[in-house]
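**Student:** My questions all concern the structure below.
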Amino acid sequence: MKHVRPFLLLVFATLAGLALFVSRSDANPETIKRIAPGVYFREGDMEQGHCNNVIVEMKDYLIVVDANFPSGARAAMADAKRISPKPVKYVFDTHHHGDHLYGNSLWTQAGATTLAFKGVAEELKRFEPARWEEAAKSRKDVAELNQPGPEPPKQDINELQYVLNDGSRKVEFRHFGWAHTKGDGFVYLPKEQVLCTGDAVVNGPFNNTADANVANWPSVLQAAGKLKVKFVLPGHGVDAGPELIAGQAQFMMELHKAVKAGMDQGKKLEELQASIHLPETVKNWVSERSLKTQIKDAYDQIKAPRQ
Ligand SMILES: [Zn+2]
């Protein structure tokens with residue numbers, strides 16, 4: 001059977017090349033799906049570490065949600081060109097993590113302005129350039145930029161909301177507090193009822209809680225969930241409806257509740273990691289390996305609350 005594989009790979013590669021505009025509900029990395037007129041969801045390939053991107057077409061320009069890793073930035077840039085000849089004017093970093101922001105300099109070199117809520121710049125000061133240097137060891141796309149660290153967003157948003165409205169479309173950048181990270185930003189299109197969530201909402205067992213505020217996370221999602229939303233475009237995993245926000249909030253609530261209850265009974269971290277099983281209702285977000293890390297993060301955060 002071995003000789004069949006290269007042929008199959010070729011078939012799949014050809015199909016992938018044709019699959020720029022697809023519409024299906026299962027995973028389809030590195031493809032673009034039209035969500036509403038002028039609103040496109042680009043699913044990142046997690047094997048390359050890429051986050052998802054959203055491309056929003058305005059009258060004279062494009063807005064891109066998340067800078068991605070450098071390799072993802074290049075791929076998203078190429079797709080943006082295929083969608084529209086309009087230039088990318090703004091790239092919004094939903095948060096400070098490398099897979100959402102390390103491509104910043106590529107976008108600004110191409111003429112875009114990068115922007116984010118001020119908590120993003122604050123967290124970059126705290127964690128960088130250590131994480132950049134670490135990433136450059138294993139990622140060629142980061143290393144070959146030859147930068148001393150990530151390029152911070154060019155524009156900080158100091159309010160809880162920032163609006164771009166060119167008459168053709170209204171785009172709201174919203175901050176509801178600390179969930180996945182301190183600087184978490186959402187992008188909301190009120191007319192189209194589209195919500196881009198960054199990693200405050202993910203579709204699958206992809207929750208990274210290292211820089212999070214697990215206790216506050218459900219409150220952030222409760223605020224986001226008050227918006228009129230039809231399409232949820234998460235930071236990782238496939239697009240979904242508003243039920244994804246509620247499910248992600250439920251996962252964080254169950255995680256926090258289970259760890260807190262165990263700690264109240266005097267259990268040690270290792271005991272919690274060995275004994276906690278979250279309910280079936282949140283299984284979309286659970287993988288055994290990541291749950292152990294999430295339990296540890298929640299445990300540390302309950303011991304030393306973040307605010
Ligand atoms: Zn993240």
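Each chain in the structure tokens gets a letter, A, B, ..., in the order shown, and its residues are numbered from 1; ligands are numbered from 1 in order too.
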Pull the alpha helix (DSSP H) assignments for stretch 42-146 of chain A out of DSSP run on the backbone, and list those residues as a ChimeraX atom specification.

**Tutor:** /A:70-83,98-101,104-109,118-127,130-138,140-143

**Student:** Using only C-alpha atoms and all ligand atoms, find each residue in chain A having at least one atom no more than 7 Å away from ligand 1; report its shortest atom-to-atom pair and that distance in Å (one decimal), rows by chain then rising number, as CSV.

**Tutor:**
residue,atom,partner,partner_atom_place_in_ligand_line,distance
A:His95,CA,ligand 1,1 (Zn),6.6
A:His97,CA,ligand 1,1 (Zn),4.9
A:His100,CA,ligand 1,1 (Zn),6.9
A:His180,CA,ligand 1,1 (Zn),6.7
A:Asp199,CA,ligand 1,1 (Zn),5.2
A:Asn208,CA,ligand 1,1 (Zn),6.4

**Student:** Which residue out of A:Val202, A:Leu272, A:Ala121, A:Ala223 has the minimum interatomic distance to A:Lys296 when only C-alpha atoms are used?

**Tutor:**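 Under the stated criterion, the closest residue is A:Leu272.
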
**Student:** Would you please work out which residue, of A:Gly149, A:Val142, A:Phe251, A:Tyr299, is nearest to A:Lys267 when using only C-alpha atoms?

**Tutor:**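 Ranking A:Gly149, A:Val142, A:Phe251, A:Tyr299 by distance to A:Lys267, first place goes to A:Tyr299.
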
**Student:** What is the atom CA of A:Ile63 to atom CA of A:Lys170 distance in Å?

**Tutor:**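 One can read the atom CA of A:Ile63 to atom CA of A:Lys170 distance as 11.5 Å.
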
**Student:** Hey, what's within 10 Å of A:Gln301 if we count only C-alpha atoms and toss same-chain stuff fewer than 4 positions away? As a list in words, please?

**Tutor:**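 In the requested format, the answer is Thr209, Ala210, Asp211, Ala212, Asn213, Val214, Ala215, His256, Ile295, Lys296, Asp297, Pro305 and Arg306 of chain A.
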
**Student:** Go through A:Val229, A:Asp166, A:Gln307, A:Glu159 and flag the residue nearest A:Lys191, using only C-alpha atoms for the distances.

**Tutor:**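 Using only C-alpha atoms, A:Lys191 sits closest to A:Val229.
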
**Student:** Which residue is closest to A:Val56? Choose from A:Val171, A:Met77, A:Ala110, A:Leu101 and count only C-alpha atoms.

**Tutor:**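 For A:Val56, the nearest of the candidates is A:Val171.
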
**Student:** Give the strand (DSSP E or B) residues of stretch 48-266 of chain A, as assigned by DSSP on the backbone, as number ranges by chain.

**Tutor:** A: 53-57, 62-65, 88-92, 113-117, 155-157, 161-165, 170-174, 186-189, 194-198, 231-234, 240

**Student:** So that I have them on file, write out the residues from the current selection with N, CA and C atoms, as a CSV table (one decimal), in the first residue's frame.

**Tutor:**
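The new file selection-v8.csv reads:
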chain,number,residue,atom,x,y,z
A,53,ASN,N,-7.6,33.9,11.1
A,53,ASN,CA,-7.6,35.3,10.8
A,53,ASN,C,-9.0,35.6,10.3
A,54,VAL,N,-9.4,36.9,10.4
A,54,VAL,CA,-10.6,37.4,9.8
A,54,VAL,C,-10.2,38.6,8.9
A,55,ILE,N,-10.8,38.6,7.8
A,55,ILE,CA,-10.5,39.7,6.8
A,55,ILE,C,-11.9,40.4,6.6
A,56,VAL,N,-11.9,41.7,6.9
A,56,VAL,CA,-13.1,42.5,6.8
A,56,VAL,C,-12.9,43.6,5.7
A,57,GLU,N,-13.7,43.6,4.7
A,57,GLU,CA,-13.6,44.6,3.6
A,57,GLU,C,-14.4,45.8,3.9
A,62,LEU,N,-8.9,47.1,3.8
A,62,LEU,CA,-9.2,45.9,4.5
A,62,LEU,C,-8.8,46.0,5.9
A,63,ILE,N,-9.5,45.3,6.8
A,63,ILE,CA,-9.0,45.2,8.2
A,63,ILE,C,-8.8,43.7,8.4
A,64,VAL,N,-7.6,43.3,9.0
A,64,VAL,CA,-7.3,41.9,9.3
A,64,VAL,C,-7.3,41.7,10.8
A,65,VAL,N,-8.0,40.7,11.3
A,65,VAL,CA,-7.9,40.4,12.7
A,65,VAL,C,-6.8,39.4,12.9
A,88,VAL,N,-4.5,46.4,2.9
A,88,VAL,CA,-4.8,46.2,4.4
A,88,VAL,C,-4.3,47.4,5.1
A,89,LYS,N,-5.3,48.1,5.7
A,89,LYS,CA,-5.0,49.3,6.5
A,89,LYS,C,-4.8,49.1,7.9
A,90,TYR,N,-5.5,48.2,8.5
A,90,TYR,CA,-5.4,47.9,10.0
A,90,TYR,C,-5.3,46.4,10.2
A,91,VAL,N,-4.4,46.1,11.1
A,91,VAL,CA,-4.3,44.7,11.6
A,91,VAL,C,-4.4,44.8,13.1
A,92,PHE,N,-5.5,44.1,13.6
A,92,PHE,CA,-5.8,44.2,15.1
A,92,PHE,C,-5.3,42.9,15.7
A,113,THR,N,-1.3,49.6,9.7
A,113,THR,CA,-1.2,50.0,11.1
A,113,THR,C,-1.6,48.9,12.0
A,114,THR,N,-0.8,48.4,12.9
A,114,THR,CA,-1.2,47.4,13.9
A,114,THR,C,-1.8,48.1,15.1
A,115,LEU,N,-2.8,47.5,15.6
A,115,LEU,CA,-3.4,48.1,16.8
A,115,LEU,C,-3.9,47.0,17.8
A,116,ALA,N,-4.0,47.4,19.1
A,116,ALA,CA,-4.5,46.5,20.1
A,116,ALA,C,-4.8,47.3,21.3
A,117,PHE,N,-5.6,46.6,22.2
A,117,PHE,CA,-5.9,47.2,23.5
A,117,PHE,C,-4.6,47.4,24.3
A,155,GLN,N,-0.5,51.2,17.4
A,155,GLN,CA,-1.5,52.1,18.0
A,155,GLN,C,-2.1,51.3,19.2
A,156,ASP,N,-2.1,52.0,20.4
A,156,ASP,CA,-2.8,51.4,21.6
A,156,ASP,C,-4.2,51.9,21.7
A,157,ILE,N,-5.1,51.1,22.1
A,157,ILE,CA,-6.5,51.5,22.4
A,157,ILE,C,-6.6,51.6,23.9
A,161,GLN,N,-13.6,50.7,24.1
A,161,GLN,CA,-14.2,50.5,22.8
A,161,GLN,C,-13.6,51.5,21.8
A,162,TYR,N,-13.3,51.0,20.6
A,162,TYR,CA,-12.8,51.8,19.5
A,162,TYR,C,-13.6,51.4,18.3
A,163,VAL,N,-14.0,52.4,17.6
A,163,VAL,CA,-14.9,52.2,16.4
A,163,VAL,C,-14.4,52.7,15.1
A,164,LEU,N,-14.4,51.9,14.1
A,164,LEU,CA,-14.1,52.3,12.7
A,164,LEU,C,-15.4,52.3,12.0
A,165,ASN,N,-15.8,53.4,11.3
A,165,ASN,CA,-17.0,53.4,10.6
A,165,ASN,C,-16.8,54.3,9.4
A,170,LYS,N,-19.6,49.3,10.0
A,170,LYS,CA,-19.2,49.7,11.4
A,170,LYS,C,-18.4,48.5,12.0
A,171,VAL,N,-17.2,48.8,12.5
A,171,VAL,CA,-16.4,47.7,13.1
A,171,VAL,C,-16.1,48.2,14.6
A,172,GLU,N,-16.5,47.4,15.5
A,172,GLU,CA,-16.2,47.8,16.9
A,172,GLU,C,-15.1,46.9,17.5
A,173,PHE,N,-14.1,47.5,18.1
A,173,PHE,CA,-13.1,46.8,18.9
A,173,PHE,C,-13.5,46.9,20.3
A,174,ARG,N,-13.6,45.8,21.0
A,174,ARG,CA,-14.2,45.8,22.4
A,174,ARG,C,-13.3,45.1,23.3
A,186,PHE,N,-11.9,41.9,21.3
A,186,PHE,CA,-12.9,41.3,20.4
A,186,PHE,C,-13.1,42.3,19.3
A,187,VAL,N,-13.5,41.7,18.2
A,187,VAL,CA,-14.0,42.6,17.0
A,187,VAL,C,-15.4,42.2,16.7
A,188,TYR,N,-16.3,43.3,16.7
A,188,TYR,CA,-17.7,43.0,16.6
A,188,TYR,C,-18.2,43.8,15.4
A,189,LEU,N,-19.0,43.1,14.5
A,189,LEU,CA,-19.6,43.8,13.4
A,189,LEU,C,-21.1,43.8,13.7
A,194,VAL,N,-21.4,39.6,13.6
A,194,VAL,CA,-20.2,38.7,13.6
A,194,VAL,C,-19.3,39.1,14.8
A,195,LEU,N,-18.9,38.1,15.6
A,195,LEU,CA,-18.0,38.4,16.7
A,195,LEU,C,-16.7,37.6,16.5
A,196,CYS,N,-15.6,38.3,16.4
A,196,CYS,CA,-14.2,37.7,16.4
A,196,CYS,C,-13.7,37.7,17.8
A,197,THR,N,-13.3,36.6,18.3
A,197,THR,CA,-13.0,36.5,19.7
A,197,THR,C,-11.6,36.4,20.1
A,198,GLY,N,-10.6,36.2,19.2
A,198,GLY,CA,-9.3,35.8,19.6
A,198,GLY,C,-9.4,34.5,20.4
A,231,PHE,N,-22.6,34.8,14.2
A,231,PHE,CA,-21.4,34.1,13.8
A,231,PHE,C,-20.3,34.3,14.8
A,232,VAL,N,-19.7,33.3,15.4
A,232,VAL,CA,-18.6,33.4,16.2
A,232,VAL,C,-17.4,32.9,15.5
A,233,LEU,N,-16.4,33.8,15.4
A,233,LEU,CA,-15.1,33.4,14.7
A,233,LEU,C,-14.0,33.3,15.7
A,234,PRO,N,-13.7,32.1,16.2
A,234,PRO,CA,-12.8,31.9,17.3
A,234,PRO,C,-11.3,32.0,16.8
A,240,ALA,N,-18.4,29.0,14.4
A,240,ALA,CA,-19.6,28.4,15.0
A,240,ALA,C,-20.6,29.5,15.2

**Student:** What are the closest atom pairs, with distances in Å to one decimal, for all residues of stretch 79-99 of chain A lying within 10 Å of stretch 72-75 of chain A? Consider only C-alpha atoms, order rows by chain and residue number, and present the result as a tab-separated table.

**Tutor:**
residue	atom	partner	partner_atom	distance
A:Asp79	CA	A:Ala75	CA	6.3
A:Ala80	CA	A:Ala75	CA	8.7
A:Asp99	CA	A:Gly72	CA	8.3

**Student:** Would you mind listing what lies within 10 Å of A:Gly98 as a PDB file with C-alpha atoms, in the first residue's frame, with only C-alpha atoms counted and same-chain residues fewer than 4 positions away left out?

**Tutor:**
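Generated output (selection.pdb):
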ATOM      1  CA  GLY A  49       1.069  27.031  14.855  1.00  0.00           C
ATOM      2  CA  HIS A  50      -1.125  29.450  12.950  1.00  0.00           C
ATOM      3  CA  CYS A  51      -4.099  31.201  14.492  1.00  0.00           C
ATOM      4  CA  ALA A  67      -1.165  39.338  12.717  1.00  0.00           C
ATOM      5  CA  ASN A  68      -0.497  35.589  13.103  1.00  0.00           C
ATOM      6  CA  PHE A  69       3.022  34.110  13.167  1.00  0.00           C
ATOM      7  CA  PRO A  70       5.218  35.463  10.331  1.00  0.00           C
ATOM      8  CA  TYR A 102       4.711  37.931  15.880  1.00  0.00           C
ATOM      9  CA  GLY A 103       3.872  38.761  12.266  1.00  0.00           C
ATOM     10  CA  ASN A 104       3.266  42.445  13.162  1.00  0.00           C
ATOM     11  CA  LEU A 124       4.682  42.381  25.803  1.00  0.00           C
ATOM     12  CA  ARG A 131       9.385  34.337  24.450  1.00  0.00           C
ATOM     13  CA  TRP A 132      10.472  35.648  21.060  1.00  0.00           C
ATOM     14  CA  ALA A 135      10.278  30.805  19.587  1.00  0.00           C
ATOM     15  CA  VAL A 142      10.531  34.022  13.556  1.00  0.00           C
ATOM     16  CA  PRO A 150       8.257  41.302  18.535  1.00  0.00           C
TER      17      PRO A 150
END

**Student:** Taking 3 positions as the minimum chain separation for residues in the same chain, which residues sit within 9 Å of stretch 284-291 of chain A when counting only C-alpha atoms? Answer as a list in words.

**Tutor:**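 The contact residues come out as Val202, Asn203, Gly204, Pro205, Phe206, Asn207, Asn208, Gly247, Gln248, Phe251, Leu255, Gln273, Ile276, His277, Leu278, Glu280, Thr281, Gln294, Ile295 and Lys296 of chain A.
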